[in-house]
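Undergrad: One file is attached below, structure.tsv, containing TSV, C-alpha atoms and all ligand atoms.
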chain	number	residue	atom	x	y	z
A	74	MET	CA	-33.33	7.32	-7.67
A	75	ASP	CA	-32.24	8.56	-4.25
A	76	GLU	CA	-28.58	9.30	-3.52
A	77	ALA	CA	-27.86	6.04	-1.66
A	78	LYS	CA	-29.41	3.92	-4.43
A	79	GLU	CA	-27.47	5.85	-7.06
A	80	ALA	CA	-24.21	5.32	-5.16
A	81	LYS	CA	-24.94	1.59	-4.77
A	82	ALA	CA	-25.68	1.21	-8.49
A	83	PHE	CA	-22.53	3.16	-9.37
A	84	LEU	CA	-20.34	0.99	-7.13
A	85	GLU	CA	-21.85	-2.23	-8.49
A	86	ASP	CA	-21.43	-1.12	-12.08
A	87	THR	CA	-17.82	0.06	-11.55
A	88	THR	CA	-16.92	-3.17	-9.73
A	89	ALA	CA	-18.40	-5.21	-12.60
A	90	LYS	CA	-16.34	-3.22	-15.13
A	91	PHE	CA	-13.23	-3.78	-12.99
A	92	GLU	CA	-13.83	-7.50	-12.80
A	93	ARG	CA	-14.49	-7.79	-16.53
A	94	LYS	CA	-11.23	-6.04	-17.35
A	95	PHE	CA	-9.15	-7.96	-14.82
A	96	HIS	CA	-10.57	-11.26	-16.02
A	97	GLU	CA	-9.21	-10.41	-19.45
A	98	LEU	CA	-5.88	-9.28	-17.94
A	99	MET	CA	-5.62	-12.45	-15.87
A	100	LEU	CA	-6.03	-14.58	-19.01
A	101	ARG	CA	-3.53	-12.48	-20.96
A	102	HIS	CA	-0.88	-12.32	-18.22
A	103	ARG	CA	-1.25	-15.63	-16.39
A	104	GLY	CA	1.90	-16.51	-14.46
A	105	GLU	CA	3.41	-13.02	-14.76
A	106	ILE	CA	3.48	-10.36	-12.07
A	107	PRO	CA	2.70	-7.05	-13.76
A	108	ALA	CA	3.87	-3.89	-12.01
A	109	VAL	CA	3.58	-0.86	-14.30
A	110	ALA	CA	1.66	-0.19	-17.52
A	111	LYS	CA	2.92	2.49	-19.88
A	112	ASP	CA	0.88	3.42	-22.93
A	113	GLY	CA	-1.50	0.58	-22.14
A	114	ARG	CA	1.17	-2.16	-21.96
A	115	TYR	CA	2.50	-3.87	-18.85
A	116	ASP	CA	6.20	-3.44	-18.35
A	117	ASN	CA	7.09	-6.18	-15.90
A	118	ARG	CA	9.45	-4.82	-13.33
A	119	ALA	CA	11.91	-7.67	-13.63
A	120	ASP	CA	12.42	-6.87	-17.33
A	121	ALA	CA	12.38	-3.11	-17.05
A	122	ASP	CA	15.42	-1.28	-18.35
A	123	ILE	CA	15.67	0.71	-15.15
A	124	ALA	CA	18.70	0.26	-12.95
A	125	TRP	CA	16.90	-0.77	-9.78
A	126	SER	CA	19.34	-2.44	-7.42
A	127	PRO	CA	18.64	-5.53	-5.34
A	128	ASP	CA	14.96	-4.79	-4.89
A	129	ASN	CA	14.46	-5.53	-8.56
A	130	GLY	CA	12.96	-8.76	-9.87
A	131	ILE	CA	10.84	-10.97	-7.66
A	132	ALA	CA	11.46	-8.90	-4.51
A	133	TRP	CA	9.98	-5.74	-6.08
A	134	TRP	CA	7.77	-4.28	-3.36
A	135	THR	CA	4.54	-4.18	-5.38
A	136	ASN	CA	4.68	-7.84	-6.39
A	137	GLY	CA	1.96	-8.84	-3.91
A	138	PHE	CA	-0.73	-6.67	-5.49
A	139	TRP	CA	-1.44	-8.71	-8.63
A	140	GLY	CA	-2.18	-11.68	-6.35
A	141	GLY	CA	-4.10	-9.32	-4.03
A	142	ILE	CA	-6.44	-8.32	-6.85
A	143	MET	CA	-6.92	-12.00	-7.67
A	144	ASN	CA	-7.72	-12.87	-4.04
A	145	GLN	CA	-10.25	-10.02	-3.77
A	146	LEU	CA	-11.89	-11.12	-7.04
A	147	TYR	CA	-11.97	-14.73	-5.85
A	148	ALA	CA	-13.74	-13.64	-2.67
A	149	LEU	CA	-16.17	-11.54	-4.71
A	150	THR	CA	-17.04	-14.05	-7.44
A	151	GLY	CA	-16.04	-17.48	-6.08
A	152	LYS	CA	-14.26	-18.18	-9.40
A	153	LYS	CA	-11.47	-20.64	-8.63
A	154	GLU	CA	-9.34	-19.38	-11.55
A	155	TYR	CA	-8.67	-16.19	-9.55
A	156	LEU	CA	-7.50	-18.17	-6.52
A	157	ASP	CA	-5.24	-20.29	-8.74
A	158	GLU	CA	-3.67	-17.18	-10.25
A	159	ALA	CA	-3.22	-15.59	-6.81
A	160	ARG	CA	-1.42	-18.72	-5.61
A	161	ALA	CA	0.73	-18.95	-8.74
A	162	SER	CA	1.89	-15.38	-8.23
A	163	ARG	CA	2.51	-15.95	-4.51
A	164	ARG	CA	4.66	-18.98	-5.30
A	165	ILE	CA	6.82	-16.78	-7.55
A	166	ILE	CA	7.47	-14.25	-4.78
A	167	ASP	CA	7.94	-17.07	-2.24
A	168	GLY	CA	11.19	-17.60	-4.17
A	169	CYS	CA	12.52	-14.59	-2.21
A	170	PHE	CA	12.87	-16.87	0.82
A	171	LEU	CA	15.52	-18.91	-1.02
A	172	SER	CA	19.06	-17.97	-0.07
A	173	GLU	CA	20.09	-16.58	-3.48
A	174	PHE	CA	17.31	-13.96	-3.36
A	175	TYR	CA	17.42	-13.27	0.36
A	176	TYR	CA	19.45	-10.02	0.17
A	177	GLY	CA	16.72	-8.48	-1.97
A	178	LEU	CA	14.15	-8.54	0.83
A	179	HIS	CA	13.23	-5.39	2.70
A	180	HIS	CA	10.62	-3.78	4.99
A	181	ASP	CA	7.87	-4.16	2.35
A	182	VAL	CA	7.25	-7.84	3.08
A	183	GLY	CA	3.82	-6.76	4.40
A	184	PHE	CA	2.88	-5.26	1.03
A	185	MET	CA	4.03	-8.52	-0.57
A	186	TRP	CA	2.55	-11.26	1.65
A	187	LEU	CA	-0.54	-9.65	3.20
A	188	PRO	CA	-2.50	-9.39	-0.08
A	189	THR	CA	-1.25	-12.83	-1.20
A	190	ALA	CA	-0.54	-15.27	1.65
A	191	VAL	CA	-2.58	-13.73	4.48
A	192	ALA	CA	-5.60	-12.97	2.27
A	193	ASP	CA	-5.50	-16.56	0.95
A	194	TYR	CA	-5.26	-17.94	4.49
A	195	MET	CA	-8.20	-15.81	5.61
A	196	LEU	CA	-10.27	-17.11	2.71
A	197	THR	CA	-9.25	-20.77	2.61
A	198	LYS	CA	-7.28	-21.63	5.79
A	199	ASP	CA	-4.55	-23.00	3.50
A	200	ASP	CA	-1.60	-23.96	5.68
A	201	GLU	CA	1.09	-23.17	3.10
A	202	ALA	CA	-0.30	-19.62	2.86
A	203	ARG	CA	-0.22	-19.34	6.66
A	204	ARG	CA	3.41	-20.46	6.84
A	205	ARG	CA	4.48	-17.96	4.15
A	206	GLY	CA	2.71	-15.16	6.02
A	207	LEU	CA	4.46	-16.14	9.24
A	208	MET	CA	7.87	-16.34	7.54
A	209	ALA	CA	7.38	-12.82	6.20
A	210	ALA	CA	6.33	-11.58	9.66
A	211	GLN	CA	9.46	-13.09	11.17
A	212	LEU	CA	11.62	-11.19	8.66
A	213	LEU	CA	9.81	-7.93	9.37
A	214	ALA	CA	10.19	-8.37	13.13
A	215	GLY	CA	13.93	-8.96	12.55
A	216	ARG	CA	14.25	-5.41	11.19
A	217	TYR	CA	13.21	-3.87	14.50
A	218	ASN	CA	15.64	-1.38	16.05
A	219	SER	CA	14.98	-1.64	19.78
A	220	ALA	CA	16.98	1.52	20.69
A	221	GLY	CA	14.79	3.69	18.47
A	222	ARG	CA	11.68	1.45	18.64
A	223	PHE	CA	11.20	1.54	14.84
A	224	ILE	CA	11.36	-0.86	11.92
A	225	ARG	CA	14.26	-0.11	9.66
A	226	ALA	CA	13.45	0.81	6.05
A	227	TRP	CA	15.37	-0.55	3.05
A	228	ASN	CA	18.88	-2.02	3.05
A	229	ASP	CA	22.19	-0.23	2.66
A	230	PRO	CA	22.65	0.84	-0.96
A	231	MET	CA	25.08	-1.15	-3.10
A	232	GLU	CA	26.71	2.00	-4.52
A	233	LYS	CA	29.92	2.99	-2.75
A	234	ASP	CA	29.72	6.34	-0.91
A	235	SER	CA	25.91	6.25	-0.67
A	236	PRO	CA	24.71	7.10	2.84
A	237	SER	CA	23.75	4.22	5.12
A	238	THR	CA	20.05	3.78	5.79
A	239	LYS	CA	20.54	1.85	9.05
A	240	GLY	CA	18.63	4.49	11.03
A	241	TRP	CA	15.89	5.17	8.48
A	242	ALA	CA	12.20	4.68	9.05
A	243	ILE	CA	9.44	5.61	6.59
A	244	ILE	CA	5.72	6.38	6.79
A	245	ASP	CA	4.88	3.63	4.24
A	246	CYS	CA	5.85	1.00	6.81
A	247	MET	CA	2.67	1.76	8.75
A	248	LEU	CA	0.94	-0.59	6.29
A	249	ASN	CA	3.54	-3.35	6.62
A	250	ILE	CA	3.05	-3.66	10.36
A	251	SER	CA	-0.41	-5.16	9.84
A	252	LEU	CA	1.54	-8.34	9.14
A	253	LEU	CA	2.86	-8.24	12.71
A	254	TYR	CA	-0.57	-7.64	14.24
A	255	TRP	CA	-1.83	-10.63	12.24
A	256	ALA	CA	1.08	-12.88	13.31
A	257	SER	CA	0.49	-12.07	16.99
A	258	GLU	CA	-3.19	-12.97	16.70
A	259	GLU	CA	-2.42	-16.11	14.76
A	260	LEU	CA	0.27	-17.37	17.13
A	261	GLY	CA	-1.11	-15.95	20.36
A	262	ASP	CA	2.36	-14.39	20.82
A	263	PRO	CA	2.46	-10.71	21.86
A	264	ARG	CA	6.02	-10.05	20.59
A	265	TYR	CA	4.97	-9.12	17.05
A	266	ARG	CA	2.18	-6.84	18.24
A	267	THR	CA	4.57	-5.07	20.63
A	268	ILE	CA	6.98	-4.32	17.78
A	269	ALA	CA	4.13	-3.05	15.60
A	270	GLU	CA	2.70	-0.89	18.38
A	271	ASN	CA	6.12	0.56	19.28
A	272	HIS	CA	6.81	1.34	15.63
A	273	ALA	CA	3.43	3.07	15.30
A	274	GLU	CA	4.11	5.09	18.46
A	275	THR	CA	7.55	6.19	17.19
A	276	THR	CA	5.95	7.17	13.88
A	277	MET	CA	3.20	9.11	15.66
A	278	ARG	CA	5.75	11.06	17.71
A	279	ASN	CA	8.29	11.79	14.97
A	280	PHE	CA	6.53	11.91	11.62
A	281	VAL	CA	3.32	13.86	12.21
A	282	ARG	CA	3.69	17.63	11.97
A	283	PRO	CA	1.51	20.12	13.88
A	284	ASP	CA	-0.64	20.79	10.78
A	285	GLY	CA	-1.43	17.06	10.45
A	286	SER	CA	0.81	16.37	7.44
A	287	VAL	CA	3.42	13.60	7.68
A	288	ARG	CA	7.09	13.30	6.76
A	289	HIS	CA	8.21	10.55	4.43
A	290	ILE	CA	11.60	9.56	5.88
A	291	VAL	CA	12.98	10.11	9.38
A	292	GLU	CA	16.55	9.20	10.27
A	293	PHE	CA	17.36	8.06	13.81
A	294	ASP	CA	20.76	7.28	15.27
A	295	PRO	CA	20.73	3.48	14.94
A	296	GLU	CA	22.79	3.06	18.16
A	297	THR	CA	20.89	5.41	20.48
A	298	GLY	CA	17.57	5.87	18.68
A	299	ARG	CA	17.91	9.67	18.85
A	300	TYR	CA	16.07	11.67	16.12
A	301	VAL	CA	18.64	12.93	13.59
A	302	CYS	CA	16.75	14.56	10.71
A	303	ASP	CA	14.08	14.01	8.09
A	304	TYR	CA	14.09	13.80	4.29
A	305	GLY	CA	11.57	14.70	1.60
A	306	GLY	CA	11.88	11.20	0.12
A	307	GLN	CA	9.40	10.64	-2.71
A	308	GLY	CA	7.83	14.06	-2.14
A	309	MET	CA	8.89	17.36	-3.69
A	310	GLU	CA	11.41	18.40	-1.05
A	311	LYS	CA	12.22	18.34	2.64
A	312	GLY	CA	9.26	19.75	4.56
A	313	SER	CA	6.76	19.09	1.76
A	314	SER	CA	3.78	16.78	1.73
A	315	TRP	CA	4.03	13.65	-0.47
A	316	SER	CA	0.42	12.68	-1.06
A	317	ARG	CA	0.90	8.91	-1.07
A	318	GLY	CA	2.82	9.24	2.18
A	319	GLN	CA	-0.19	11.05	3.64
A	320	SER	CA	-2.42	8.20	2.48
A	321	TRP	CA	-0.16	5.58	4.12
A	322	GLY	CA	-0.30	7.68	7.28
A	323	ILE	CA	-4.11	7.77	7.51
A	324	TYR	CA	-4.57	4.12	6.59
A	325	GLY	CA	-1.72	2.95	8.84
A	326	PHE	CA	-3.03	4.71	11.94
A	327	VAL	CA	-6.62	3.61	11.31
A	328	ASN	CA	-5.34	0.03	11.18
A	329	SER	CA	-3.16	0.40	14.27
A	330	TYR	CA	-6.26	1.69	16.07
A	331	ARG	CA	-8.29	-1.30	14.85
A	332	HIS	CA	-5.63	-3.71	16.12
A	333	THR	CA	-4.87	-2.06	19.47
A	334	GLY	CA	-7.90	0.06	20.39
A	335	ARG	CA	-5.54	2.96	21.21
A	336	GLN	CA	-7.33	6.31	21.05
A	337	ASP	CA	-4.10	8.22	20.30
A	338	PHE	CA	-3.71	6.20	17.09
A	339	LEU	CA	-7.30	7.00	16.09
A	340	ALA	CA	-6.79	10.70	16.87
A	341	THR	CA	-3.63	10.64	14.72
A	342	ALA	CA	-5.50	9.03	11.81
A	343	GLU	CA	-8.17	11.73	12.05
A	344	LYS	CA	-5.59	14.51	12.28
A	345	ILE	CA	-3.86	13.37	9.07
A	346	ALA	CA	-7.25	12.76	7.39
A	347	ASP	CA	-8.50	16.26	8.24
A	348	TYR	CA	-5.29	17.76	6.87
A	349	VAL	CA	-5.59	15.72	3.65
A	350	ILE	CA	-9.26	16.59	3.15
A	351	SER	CA	-8.43	20.29	3.48
A	352	ALA	CA	-5.68	19.87	0.86
A	353	ILE	CA	-7.64	17.95	-1.81
A	354	PRO	CA	-8.07	20.14	-4.91
A	355	GLU	CA	-11.62	20.96	-5.97
A	356	ASP	CA	-11.54	18.63	-8.99
A	357	GLY	CA	-10.68	15.67	-6.73
A	358	HIS	CA	-7.46	14.78	-8.56
A	359	ILE	CA	-4.59	14.21	-6.18
A	360	PRO	CA	-1.22	15.86	-6.89
A	361	VAL	CA	1.99	13.91	-6.16
A	362	ASP	CA	2.81	16.45	-3.47
A	363	PHE	CA	0.26	18.70	-1.79
A	364	HIS	CA	2.88	21.49	-1.77
A	365	GLN	CA	3.68	21.34	-5.48
A	366	PRO	CA	3.11	24.61	-7.36
A	367	ARG	CA	-0.19	25.01	-9.16
A	368	GLY	CA	0.25	24.44	-12.87
A	369	LEU	CA	2.82	21.72	-12.25
A	370	PHE	CA	0.23	19.10	-11.88
A	371	PHE	CA	1.79	15.66	-11.74
A	372	GLU	CA	-0.92	13.45	-10.33
A	373	ASP	CA	-0.90	10.28	-8.30
A	374	SER	CA	-4.15	8.36	-8.65
A	375	THR	CA	-2.68	5.74	-6.32
A	376	ALA	CA	-2.82	8.22	-3.45
A	377	ALA	CA	-6.49	8.94	-4.26
A	378	ALA	CA	-7.34	5.22	-4.13
A	379	VAL	CA	-5.49	4.62	-0.84
A	380	ILE	CA	-7.09	7.71	0.75
A	381	ALA	CA	-10.51	6.40	-0.35
A	382	CYS	CA	-9.81	3.07	1.42
A	383	ALA	CA	-8.54	4.76	4.57
A	384	LEU	CA	-11.44	7.22	4.82
A	385	THR	CA	-13.99	4.44	4.31
A	386	GLU	CA	-12.49	2.56	7.28
A	387	LEU	CA	-12.48	5.77	9.30
A	388	GLU	CA	-16.16	6.38	8.51
A	389	ARG	CA	-16.99	2.99	10.02
A	390	ILE	CA	-15.19	3.88	13.25
A	391	VAL	CA	-16.26	7.52	13.55
A	392	PRO	CA	-19.40	7.88	11.41
A	393	GLY	CA	-20.99	11.17	10.51
A	394	LYS	CA	-17.87	13.31	10.10
A	395	GLY	CA	-17.91	13.26	6.31
A	396	TYR	CA	-15.03	10.80	5.80
A	397	GLY	CA	-17.21	8.36	3.83
A	398	LYS	CA	-18.53	11.11	1.58
A	399	THR	CA	-15.00	12.23	0.63
A	400	ALA	CA	-14.00	8.61	0.06
A	401	PHE	CA	-16.90	8.11	-2.35
A	402	THR	CA	-16.12	11.35	-4.19
A	403	LEU	CA	-12.48	10.28	-4.66
A	404	ALA	CA	-13.35	6.79	-5.88
A	405	SER	CA	-16.11	7.98	-8.21
A	406	THR	CA	-13.83	10.71	-9.62
A	407	LEU	CA	-11.24	8.03	-10.36
A	408	ALA	CA	-13.87	5.81	-12.00
A	409	LYS	CA	-15.26	8.63	-14.15
A	410	THR	CA	-12.06	10.38	-15.19
A	411	ARG	CA	-8.98	8.22	-14.59
A	412	ALA	CA	-10.09	4.65	-15.27
A	413	ASP	CA	-9.49	2.84	-18.53
A	414	PHE	CA	-11.96	-0.03	-18.62
A	415	SER	CA	-11.51	-0.65	-22.33
A	416	ALA	CA	-10.66	-4.12	-23.64
A	417	GLY	CA	-7.19	-4.73	-25.08
A	418	THR	CA	-5.16	-2.35	-22.91
A	419	ASP	CA	-3.27	-3.26	-19.72
A	420	GLY	CA	-4.06	-1.63	-16.38
A	421	ILE	CA	-6.98	0.54	-15.27
A	422	LEU	CA	-6.04	3.64	-13.24
A	423	GLN	CA	-4.17	6.29	-15.16
A	424	ARG	CA	-1.83	9.04	-13.92
A	425	CYS	CA	-0.05	7.22	-11.13
A	426	THR	CA	3.35	8.56	-10.16
A	427	GLY	CA	6.16	6.90	-8.21
A	428	SER	CA	7.85	9.98	-6.84
A	429	PHE	CA	7.96	13.70	-7.46
A	430	ASN	CA	11.62	13.90	-8.47
A	431	GLY	CA	12.10	10.45	-10.04
A	432	LYS	CA	12.58	10.28	-13.79
A	433	ALA	CA	10.77	6.98	-14.29
A	434	ASP	CA	7.16	6.12	-13.52
A	435	LYS	CA	5.49	9.50	-13.96
A	436	GLU	CA	1.76	9.39	-14.71
A	437	VAL	CA	1.65	5.71	-15.64
A	438	ASN	CA	-0.51	2.83	-14.37
A	439	PHE	CA	0.53	0.86	-11.28
A	440	VAL	CA	-0.86	-2.53	-10.40
A	441	TYR	CA	-1.01	-1.45	-6.76
A	442	ALA	CA	-3.13	1.58	-7.71
A	443	ASP	CA	-5.58	-0.81	-9.35
A	444	TYR	CA	-5.47	-2.98	-6.23
A	445	TYR	CA	-6.42	-0.09	-3.89
A	446	PHE	CA	-9.03	1.17	-6.34
A	447	LEU	CA	-10.69	-2.26	-6.24
A	448	GLU	CA	-10.34	-2.42	-2.44
A	449	SER	CA	-12.03	0.98	-2.11
A	450	LEU	CA	-14.97	-0.09	-4.30
A	451	LEU	CA	-15.40	-3.34	-2.37
A	452	LYS	CA	-14.96	-1.68	1.01
A	453	MET	CA	-17.74	0.78	0.27
A	454	GLN	CA	-19.97	-2.25	-0.43
A	455	LYS	CA	-18.65	-4.16	2.62
A	456	LYS	CA	-17.33	-6.87	0.30
A	457	ASP	CA	-13.55	-6.51	0.80
A	458	VAL	CA	-11.24	-9.07	2.37
A	459	MET	CA	-9.63	-7.00	5.12
A	460	PHE	CA	-6.09	-8.07	6.00
A	461	TRP	CA	-4.39	-4.73	6.78
B	1	LIG	N1	5.92	2.12	-0.52
B	1	LIG	C1	6.55	2.87	-1.53
B	1	LIG	C2	5.67	3.80	-2.26
B	1	LIG	O1	4.57	4.12	-1.85
B	1	LIG	O2	6.10	4.23	-3.31
Output the file's structure as C-alpha cells, nothing else.
Ligand code: GLY

TA:
Amino acid sequence: MDEAKEAKAFLEDTTAKFERKFHELMLRHRGEIPAVAKDGRYDNRADADIAWSPDNGIAWWTNGFWGGIMNQLYALTGKKEYLDEARASRRIIDGCFLSEFYYGLHHDVGFMWLPTAVADYMLTKDDEARRRGLMAAQLLAGRYNSAGRFIRAWNDPMEKDSPSTKGWAIIDCMLNISLLYWASEELGDPRYRTIAENHAETTMRNFVRPDGSVRHIVEFDPETGRYVCDYGGQGMEKGSSWSRGQSWGIYGFVNSYRHTGRQDFLATAEKIADYVISAIPEDGHIPVDFHQPRGLFFEDSTAAAVIACALTELERIVPGKGYGKTAFTLASTLAKTRADFSAGTDGILQRCTGSFNGKADKEVNFVYADYYFLESLLKMQKKDVMFW
C-alpha cells in the first residue's frame, strides 16, 4: 500500500473506533455533560469536589464539547440519536442565560456555543440553535474593552483580596472570537467582526514573542488600554511556553485569517506553528510547557490534538510546507499511544493536563481533548463541520 492509501485507511479505522466508543459513551451518559475522566470514569464537573468558583456547574467552559462530539458524529453518520444528544446537552447549558446562572458566564461562550448551537445551525438550520448562538455572541461582544481593543477574560474573583482581572486578556480567546465572525456573517452586521479583528490584532501585537512563542495572559490598564505586564498562567512560569496556549495561538490566527483574509494574521499563525514544530519532542508527545525540564514530563494530549487541527487547516491554506505531515504524525501518535478505545471505560485520550502548576487535572482525560482529536481525524478526511 502506498503512503497516502495507508494514511487514509488509518484515519478511517481510527475514526470508526472513535465512533464505536462514543456511541457506547452516549448511551451510558445520556443527558449528562462529562468533562473529565479519571481512572476511566467520568467525573462530571458539576459534582467534582474541587472548589471551582462561579464557573462551576453548567457554565464550566468545556461544557460545549460533549455536544460538539455529538454534532460531528451526527454529520458523519447521519444517526439522529447523536443530534438529539447534542441538543439535549445544549439545552442544559442554555440554562446559563437564565438570570440565576448569569454571573457564571465568561469569555468562553465561544467554546460553549460554537460546537453546540452554531454547529447544529450549520447542519440543520434550526432557528432555536441560531438564536442561542447569537445570544452567546452578544455576551462575548459585551466583554470588549474599547480602550485596549481586547476581549476581557474571566470575571473578578469572588475571594477578597484577589487581584482584579478587568484588564486581562488571554490567548485562548482567539478561539472564542470565531463566534463573532459567525454572528457578523449571519446578521450582515460588521460590529461583531470588528471586535473580533481588533482583539486578534491586539493579541498579535502583545502576545507573540520574537521567537514565535505566545504568552498566556496579558494585563492591560482597563481605563487606558496600556500594556501592564504578562503572566505565565497555565504554563510553568512567566516567560515560559504553555503548549495548549501555543495551540490556541496557531488555530486562532489561522481562523482569523480565514475570516478576514489578512496576511498578517496568516503570517502570525505560521510563525507560531514554526516555533511549535521546532519544539515538538522526537516521540511526538506534547509536554504541558515547552520549557519544562526534561525528565519532568507532564503531558498534555489536548495540545497535541489542537495543534493537529490547526496545522491541517494551515496545510490547506499554504500547502507543501510540511504542516499536514506534522499534523498527521501528531494525530497518529495519539491514536497509537494515547488513545483508549476499549469498551467499558470513559473517555479516549489519556494524559491531558489542565495546567502546569494546578493540583487537579494532571494527566487525565478531558472531553475537549477527545473533541479535538475527533475534529483532527475528520479534518484530515475533509469530513469535519467547521465552525471555528
Ligand atoms: N481555555 C482554557 C484552557 O485551555 O485550559

Undergrad: Neighbours of ligand LIG 1 (chain B) within 9 Å, counting all atoms listed in the file, as a count of residues only?

TA: 18

Undergrad: Which residues of segment 335-358 of chain A have any atom within 12 Å of an atom in segment 272-280 of chain A when counting all atoms listed in the file, and what is the closest pair of atoms for each, with the distance in Å to one decimal? Order the rows by chain and rising number and write it as a tab-separated table.

TA:
residue	atom	partner	partner_atom	distance
A:Arg335	CA	A:Glu274	CA	10.3
A:Gln336	CA	A:Glu274	CA	11.8
A:Asp337	CA	A:Met277	CA	8.7
A:Phe338	CA	A:Met277	CA	7.6
A:Leu339	CA	A:Met277	CA	10.7
A:Ala340	CA	A:Met277	CA	10.2
A:Thr341	CA	A:Met277	CA	7.1
A:Ala342	CA	A:Met277	CA	9.5
A:Lys344	CA	A:Met277	CA	10.9
A:Ile345	CA	A:Met277	CA	10.6

Undergrad: Between A:Lys455, A:Lys81, A:Arg266, A:Arg225, which one has atoms that come closest to Val291 of chain A, using all atoms listed in the file?

TA: A:Arg225

Undergrad: Between A:Ala148, A:Leu387, A:Thr399, A:Arg222, single out the one closest to Phe293 of chain A, counting all atoms listed in the file.

TA: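 Smallest separation from Phe293 of chain A among the options: A:Arg222.
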
Undergrad: Counting only C-alpha atoms, which residue out of A:Phe174, A:Tyr155, A:Tyr396, A:Tyr217 sits closest to Trp241 of chain A?

TA: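 Checking each of A:Phe174, A:Tyr155, A:Tyr396, A:Tyr217 against Trp241 of chain A, counting only C-alpha atoms, the winner is A:Tyr217.
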
Undergrad: Enumerate, as a count of residues only, the protein, DNA and RNA residues whose atoms approach (6.8, -10.2, -12.6) to within 12 Å, taking into account only C-alpha atoms and the coordinate frame of the file.

TA: 34

Undergrad: To one decimal place, how far is atom CA of Ala412 of chain A from atom CA of Phe439 of chain A in Å?

TA: 12.0 Å

Undergrad: So that I can check the surroundings of Leu450 of chain A, please list as number ranges by chain every protein, DNA and RNA residue that reaches within 7 Å of it, counting all atoms listed in the file and ignoring chain neighbours fewer than 4 positions away.

TA: A: 84, 88, 446, 454

Undergrad: Taking all atoms listed in the file into account, name the residue in A:Asp373, A:Asp294, A:Asp234, A:Glu343 that is nearest to Gly357 of chain A.

TA: A:Asp373

Undergrad: In Å, rounded to a single decimal, give me how far atom CA of Ala381 of chain A is from atom CA of Leu422 of chain A.

TA: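 Here the two named atoms are 13.9 Å from each other.
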
Undergrad: Would you list the contacts of Arg204 of chain A as a list in words, taking every protein, DNA or RNA residue within 12 Å and counting only C-alpha atoms, but skipping same-chain residues closer than 3 positions in sequence?

TA: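 Listed by chain and then number, they are Asp167, Phe170, Trp186, Ala190, Val191, Asp193, Tyr194, Lys198, Asp199, Asp200, Glu201, Leu207, Met208, Ala209, Ala210, Gln211, Ala256, Glu259 and Leu260 of chain A.
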
Undergrad: Next, the residues of the selection above should be written as a PDB file, in the coordinates of the input with C-alpha atoms.

TA:
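Written out: out_34.pdb:
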ATOM      1  CA  ASP A 167       7.940 -17.070  -2.240  1.00  0.00           C
ATOM      2  CA  PHE A 170      12.870 -16.870   0.820  1.00  0.00           C
ATOM      3  CA  TRP A 186       2.550 -11.260   1.650  1.00  0.00           C
ATOM      4  CA  ALA A 190      -0.540 -15.270   1.650  1.00  0.00           C
ATOM      5  CA  VAL A 191      -2.580 -13.730   4.480  1.00  0.00           C
ATOM      6  CA  ASP A 193      -5.500 -16.560   0.950  1.00  0.00           C
ATOM      7  CA  TYR A 194      -5.260 -17.940   4.490  1.00  0.00           C
ATOM      8  CA  LYS A 198      -7.280 -21.630   5.790  1.00  0.00           C
ATOM      9  CA  ASP A 199      -4.550 -23.000   3.500  1.00  0.00           C
ATOM     10  CA  ASP A 200      -1.600 -23.960   5.680  1.00  0.00           C
ATOM     11  CA  GLU A 201       1.090 -23.170   3.100  1.00  0.00           C
ATOM     12  CA  LEU A 207       4.460 -16.140   9.240  1.00  0.00           C
ATOM     13  CA  MET A 208       7.870 -16.340   7.540  1.00  0.00           C
ATOM     14  CA  ALA A 209       7.380 -12.820   6.200  1.00  0.00           C
ATOM     15  CA  ALA A 210       6.330 -11.580   9.660  1.00  0.00           C
ATOM     16  CA  GLN A 211       9.460 -13.090  11.170  1.00  0.00           C
ATOM     17  CA  ALA A 256       1.080 -12.880  13.310  1.00  0.00           C
ATOM     18  CA  GLU A 259      -2.420 -16.110  14.760  1.00  0.00           C
ATOM     19  CA  LEU A 260       0.270 -17.370  17.130  1.00  0.00           C
TER      20      LEU A 260
END

Undergrad: So the first atom is atom CA of Lys394 of chain A and the second is atom CA of Ile380 of chain A; what is the distance between them in Å, to one decimal place?

TA: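 Those two atoms sit 15.3 Å apart.
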
Undergrad: Show me, as a ChimeraX atom specification, the residues that have an atom within 12 Å of Ser320 of chain A when counting all atoms listed in the file, minus same-chain residues fewer than 6 positions from it.

TA: /A:244-248,285-289,314,326-327,342-343,345-350,353,359,361-363,373-384,400,445

Undergrad: Write out as a list in words the residues lying within 8 Å of Asp229 of chain A, counting only C-alpha atoms and excluding same-chain residues fewer than 2 positions away.

TA: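 What passes the distance filter is Trp227, Met231, Pro236, Ser237, Thr238 and Lys239 of chain A.
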
Undergrad: Rank nothing, just name the residue among A:Gly312, A:Gly298, A:Gly431, A:Gly240 nearest to His364 of chain A, using all atoms listed in the file.

TA: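 Checking each of A:Gly312, A:Gly298, A:Gly431, A:Gly240 against His364 of chain A, counting all atoms listed in the file, the winner is A:Gly312.
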
Undergrad: Determine, counting only C-alpha atoms, every residue of protein, DNA or RNA that lies within 6 Å of (16.4, 14.8, 10.5) in the file coordinates, then give the result as a ChimeraX atom specification.

TA: /A:291-292,301-303

Undergrad: For segment 260-278 of chain A, take all atoms listed in the file, fit an axis-aligned box around them, add 5 Å to each of the six sides, then output centre and edge lengths in Å rounded to one decimal, as JSON.

TA:
{"center_x": 3.2, "center_y": -3.2, "center_z": 17.9, "size_x": 18.7, "size_y": 38.4, "size_z": 18.0}

Undergrad: Find the residues around Asp413 of chain A up to 8 Å (all atoms listed in the file counted), leave out those fewer than 6 positions away in its own chain, and share them as a VMD selection string.

TA: chain A and resid 420 to 423

Undergrad: From the options A:Phe95, A:Phe401, A:Tyr265, A:Phe370, which residue's atoms come nearest to Glu388 of chain A, counting all atoms listed in the file?

TA: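 Among A:Phe95, A:Phe401, A:Tyr265, A:Phe370, it is A:Phe401 that comes nearest to Glu388 of chain A.
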